[in-house]
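Chemist: Sending over a structure as structure tokens; questions will come in a sec.
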Amino acid sequence: MSDHIPFEIQVEIIKRLPIRSLIRVRSVSKAWKCVIESSDFIAEYTVRNHDQPQHLLIKYHNVYGEETYDSIVEDDTFPQNKVSLAVPLSVDLLWNSYVVGASCGLVCLFGFYRYDDDAEYPPGEATAVLWNPSIRKSVAIPVPDVDGYDAATFGFGVCPATSDPKIVKITERKMKDVACSSRWQVKVFSLSSGVWRNSFGNLSDSLADFMGPRSQEWLMDDIIEVWMMENGDSKSFTKVFTIDKPSYCLSRPLEFRWNGELMMRMENSTGEFEVLIEYDPFSEHINDPGIESQCHTLAVTSYTESLILINQLDTVVDDDDDEEISVEQGRKV
């Protein structure tokens, strides 16, 4: 860009570039790179582009047993604009992972790092991975005091003001901690600090009904009710509509599209595999995006494009000694 254009004007032009162009123009100058990777620019760009089309991230094991990640743009071309995503090593190493959630362009996954591909169920370290599919960046975070998939419940979100990713972990206290006022222990990890910290809020013992991240998938009802939180008040929900679930579907909705259609799974004609379907609850029309998977491996979540993690190396955050290790270098032993 011409040196005769004031730098402030250059920045305003840069703000309007799509993400793929921003990735490339970082190499134009050190000044541009510094601006694009600054926390203020990342936060502003995330807010400015909130109205861009969403993407559906589809995680599944294909008919050959290979873990696969596809992305489909949520626009009028759906589902033609589908691409297979290149998975970073930090995600590929996870054993039998599942999606915790997505926020501000990041997808959070949880699983265990595997050290022996030949073992039927290799031991490993409980790990959460924050992954930005749009810019191919990821950060792996060891999760302490979790020795199984049902040992903890997780939540994930990104602070809109600071673009700081946060993971919430809820575990049941051990018997030695029975004297505590609550049976639950809550810890929060923020990427900016790189550590897990205790949260001292009180949680009701009724949380016991929800412990275990996969249990709800098996609650098979003939009716689907859709409720919406009012104005961010967790105590105020309004029922939007009720859907008679198609008899041929095996799950509750995997995800809602922007137009209100449901992404669900259905057995194929042989009963050996599942197919992902797009279901309109009002017209009862079914569309097939062309994804076939092994049973009970389909997961769908919505995400938007963002720059969060652009200033991060692909690393493993080590909470024990405040160290970060490049994923390319391998795990620290």
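Identifiers in the structure tokens: chain A, B, ... in order shown; residue index from 1 per chain; ligand index from 1 in order shown.
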Please tabulate, as CSV, the residues of stretch 96-141 of chain A that come within 12 Å of stretch 285-306 of chain A, each with its closest pair of atoms and the distance in Å to one decimal, counting only C-alpha atoms and ordering rows by chain, then residue number upward.
Modeler:
residue,atom,partner,partner_atom,distance
A:Asn96,CA,A:Thr297,CA,9.3
A:Ser97,CA,A:Thr297,CA,9.9
A:Tyr98,CA,A:Ala299,CA,7.8
A:Val99,CA,A:Ala299,CA,7.3
A:Val100,CA,A:Thr301,CA,9.5
A:Gly101,CA,A:Thr301,CA,7.2
A:Ala102,CA,A:Tyr303,CA,6.0
A:Ser103,CA,A:Tyr303,CA,6.6
A:Cys104,CA,A:Thr304,CA,6.2
A:Gly105,CA,A:Thr304,CA,4.5
A:Leu106,CA,A:Tyr303,CA,7.0
A:Val107,CA,A:Tyr303,CA,7.3
A:Cys108,CA,A:Thr301,CA,10.4
A:Leu109,CA,A:Ala299,CA,11.2
A:Trp131,CA,A:Tyr303,CA,10.9
A:Asn132,CA,A:Ser306,CA,7.7
A:Pro133,CA,A:Glu305,CA,8.1
A:Ser134,CA,A:Glu305,CA,5.7
A:Ile135,CA,A:Ser306,CA,8.0
A:Arg136,CA,A:Ser306,CA,11.0
A:Lys137,CA,A:Ser306,CA,11.0
Chemist: Could you give me the residues within stretch 89-197 of chain A that DSSP places in helix (DSSP H, G or I), as a VMD selection string?
Modeler: chain A and resid 89 to 92 175 to 177
Chemist: Between atom CA of A:Asn81 and atom CA of A:Ile58, measure the distance and give it in Å to one decimal.
Modeler: 13.2 Å
Chemist: With only C-alpha atoms as the counted atoms, please give the residues lying no more than 12 Å from A:Gly111, apart from itself and same-chain residues fewer than 3 positions off, as a VMD selection string.
Modeler: chain A and resid 90 to 100 108 114 122 to 130 140 to 143 146 to 152 154 213
Chemist: Would you list the contacts of stretch 270-284 of chain A as a PyMOL selection string, taking every protein, DNA or RNA residue within 12 Å and counting only C-alpha atoms, but skipping same-chain residues closer than 4 positions in sequence?
Modeler: chain A and resi 56+58-65+78-79+223-226+241-266+288-300
Chemist: Between atom CA of A:Ile36 and atom CA of A:Val168, measure the distance and give it in Å to one decimal.
Modeler: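 Atom-to-atom, atom CA of A:Ile36 to atom CA of A:Val168, that is 28.7 Å.
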Chemist: Which residues are near stretch 8-14 of chain A? Cut-off 12 Å, only C-alpha atoms, ignore same chain within fewer than 3 positions. Put them as a PyMOL selection string.
Modeler: chain A and resi 1-5+17-26+28-29+31-36+41-42+44-45+48
Chemist: Those residues with N, CA, C and O atoms, as an mmCIF file, in the first residue's frame please?
Modeler:
data_model
loop_
_atom_site.group_PDB
_atom_site.id
_atom_site.type_symbol
_atom_site.label_atom_id
_atom_site.label_comp_id
_atom_site.auth_asym_id
_atom_site.auth_seq_id
_atom_site.Cartn_x
_atom_site.Cartn_y
_atom_site.Cartn_z
ATOM 1 N N MET A 1 0.847 -1.188 0.000
ATOM 2 C CA MET A 1 0.000 0.000 0.000
ATOM 3 C C MET A 1 0.885 1.241 0.000
ATOM 4 O O MET A 1 1.929 1.268 0.640
ATOM 5 N N SER A 2 0.488 2.273 -0.670
ATOM 6 C CA SER A 2 1.331 3.443 -0.861
ATOM 7 C C SER A 2 1.682 4.091 0.466
ATOM 8 O O SER A 2 0.883 4.175 1.388
ATOM 9 N N ASP A 3 2.954 4.568 0.546
ATOM 10 C CA ASP A 3 3.393 5.283 1.739
ATOM 11 C C ASP A 3 2.695 6.626 1.882
ATOM 12 O O ASP A 3 2.758 7.253 2.954
ATOM 13 N N HIS A 4 2.032 7.079 0.830
ATOM 14 C CA HIS A 4 1.339 8.357 0.887
ATOM 15 C C HIS A 4 -0.004 8.237 1.596
ATOM 16 O O HIS A 4 -0.624 9.250 1.922
ATOM 17 N N ILE A 5 -0.473 7.031 1.824
ATOM 18 C CA ILE A 5 -1.739 6.836 2.543
ATOM 19 C C ILE A 5 -1.439 6.773 4.027
ATOM 20 O O ILE A 5 -0.616 5.962 4.464
ATOM 21 N N LEU A 17 -10.934 -6.476 5.358
ATOM 22 C CA LEU A 17 -10.487 -7.630 4.575
ATOM 23 C C LEU A 17 -11.041 -8.925 5.165
ATOM 24 O O LEU A 17 -11.212 -9.038 6.387
ATOM 25 N N PRO A 18 -11.306 -9.928 4.327
ATOM 26 C CA PRO A 18 -11.687 -11.245 4.848
ATOM 27 C C PRO A 18 -10.507 -11.910 5.538
ATOM 28 O O PRO A 18 -9.346 -11.518 5.347
ATOM 29 N N ILE A 19 -10.805 -12.929 6.324
ATOM 30 C CA ILE A 19 -9.772 -13.552 7.157
ATOM 31 C C ILE A 19 -8.626 -14.110 6.329
ATOM 32 O O ILE A 19 -7.456 -13.933 6.663
ATOM 33 N N ARG A 20 -8.925 -14.779 5.225
ATOM 34 C CA ARG A 20 -7.849 -15.367 4.419
ATOM 35 C C ARG A 20 -6.895 -14.307 3.890
ATOM 36 O O ARG A 20 -5.687 -14.542 3.795
ATOM 37 N N SER A 21 -7.429 -13.152 3.547
ATOM 38 C CA SER A 21 -6.566 -12.061 3.089
ATOM 39 C C SER A 21 -5.734 -11.498 4.244
ATOM 40 O O SER A 21 -4.554 -11.164 4.061
ATOM 41 N N LEU A 22 -6.324 -11.412 5.430
ATOM 42 C CA LEU A 22 -5.581 -10.918 6.587
ATOM 43 C C LEU A 22 -4.392 -11.817 6.910
ATOM 44 O O LEU A 22 -3.317 -11.332 7.288
ATOM 45 N N ILE A 23 -4.595 -13.119 6.780
ATOM 46 C CA ILE A 23 -3.501 -14.047 7.042
ATOM 47 C C ILE A 23 -2.334 -13.766 6.100
ATOM 48 O O ILE A 23 -1.163 -13.770 6.509
ATOM 49 N N ARG A 24 -2.645 -13.497 4.849
ATOM 50 C CA ARG A 24 -1.589 -13.278 3.850
ATOM 51 C C ARG A 24 -0.898 -11.927 4.024
ATOM 52 O O ARG A 24 0.329 -11.840 3.907
ATOM 53 N N VAL A 25 -1.664 -10.854 4.275
ATOM 54 C CA VAL A 25 -1.071 -9.513 4.279
ATOM 55 C C VAL A 25 -0.244 -9.240 5.531
ATOM 56 O O VAL A 25 0.428 -8.205 5.615
ATOM 57 N N ARG A 26 -0.248 -10.158 6.492
ATOM 58 C CA ARG A 26 0.629 -9.969 7.652
ATOM 59 C C ARG A 26 2.095 -9.901 7.230
ATOM 60 O O ARG A 26 2.923 -9.305 7.921
ATOM 61 N N VAL A 28 3.271 -8.380 4.646
ATOM 62 C CA VAL A 28 3.587 -7.166 3.894
ATOM 63 C C VAL A 28 4.552 -6.285 4.673
ATOM 64 O O VAL A 28 5.518 -5.745 4.119
ATOM 65 N N SER A 29 4.293 -6.119 5.972
ATOM 66 C CA SER A 29 5.174 -5.287 6.795
ATOM 67 C C SER A 29 5.031 -5.683 8.252
ATOM 68 O O SER A 29 4.019 -6.273 8.661
ATOM 69 N N ALA A 31 4.640 -3.617 10.627
ATOM 70 C CA ALA A 31 3.594 -2.777 11.212
ATOM 71 C C ALA A 31 2.222 -3.408 11.011
ATOM 72 O O ALA A 31 1.395 -3.436 11.939
ATOM 73 N N TRP A 32 1.957 -3.921 9.822
ATOM 74 C CA TRP A 32 0.672 -4.582 9.571
ATOM 75 C C TRP A 32 0.531 -5.841 10.431
ATOM 76 O O TRP A 32 -0.520 -6.101 10.987
ATOM 77 N N LYS A 33 1.597 -6.614 10.511
ATOM 78 C CA LYS A 33 1.564 -7.842 11.312
ATOM 79 C C LYS A 33 1.269 -7.518 12.772
ATOM 80 O O LYS A 33 0.473 -8.199 13.434
ATOM 81 N N CYS A 34 1.900 -6.479 13.278
ATOM 82 C CA CYS A 34 1.700 -6.073 14.670
ATOM 83 C C CYS A 34 0.251 -5.662 14.913
ATOM 84 O O CYS A 34 -0.347 -6.024 15.931
ATOM 85 N N VAL A 35 -0.315 -4.926 13.966
ATOM 86 C CA VAL A 35 -1.701 -4.481 14.110
ATOM 87 C C VAL A 35 -2.658 -5.667 14.078
ATOM 88 O O VAL A 35 -3.536 -5.816 14.940
ATOM 89 N N ILE A 36 -2.508 -6.539 13.079
ATOM 90 C CA ILE A 36 -3.451 -7.656 12.891
ATOM 91 C C ILE A 36 -3.417 -8.620 14.060
ATOM 92 O O ILE A 36 -4.437 -9.196 14.438
ATOM 93 N N PHE A 41 -7.231 -5.358 17.911
ATOM 94 C CA PHE A 41 -7.688 -5.611 16.540
ATOM 95 C C PHE A 41 -8.499 -6.903 16.474
ATOM 96 O O PHE A 41 -9.548 -6.966 15.829
ATOM 97 N N ILE A 42 -8.019 -7.950 17.160
ATOM 98 C CA ILE A 42 -8.719 -9.237 17.151
ATOM 99 C C ILE A 42 -10.116 -9.092 17.731
ATOM 100 O O ILE A 42 -11.102 -9.595 17.175
ATOM 101 N N GLU A 44 -11.959 -6.304 18.027
ATOM 102 C CA GLU A 44 -12.795 -5.457 17.175
ATOM 103 C C GLU A 44 -13.217 -6.197 15.916
ATOM 104 O O GLU A 44 -14.368 -6.084 15.472
ATOM 105 N N TYR A 45 -12.309 -6.970 15.336
ATOM 106 C CA TYR A 45 -12.635 -7.717 14.119
ATOM 107 C C TYR A 45 -13.705 -8.762 14.399
ATOM 108 O O TYR A 45 -14.599 -8.993 13.586
ATOM 109 N N ARG A 48 -16.992 -6.854 14.648
ATOM 110 C CA ARG A 48 -17.363 -6.279 13.346
ATOM 111 C C ARG A 48 -17.913 -7.345 12.397
ATOM 112 O O ARG A 48 -18.801 -7.055 11.586
#
Chemist: Atom CA of A:Ile308 and atom CA of A:Ser27, how far apart in Å?
Modeler: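 Spanning atom CA of A:Ser27 to atom CA of A:Ile308 is a straight-line distance of 18.2 Å.
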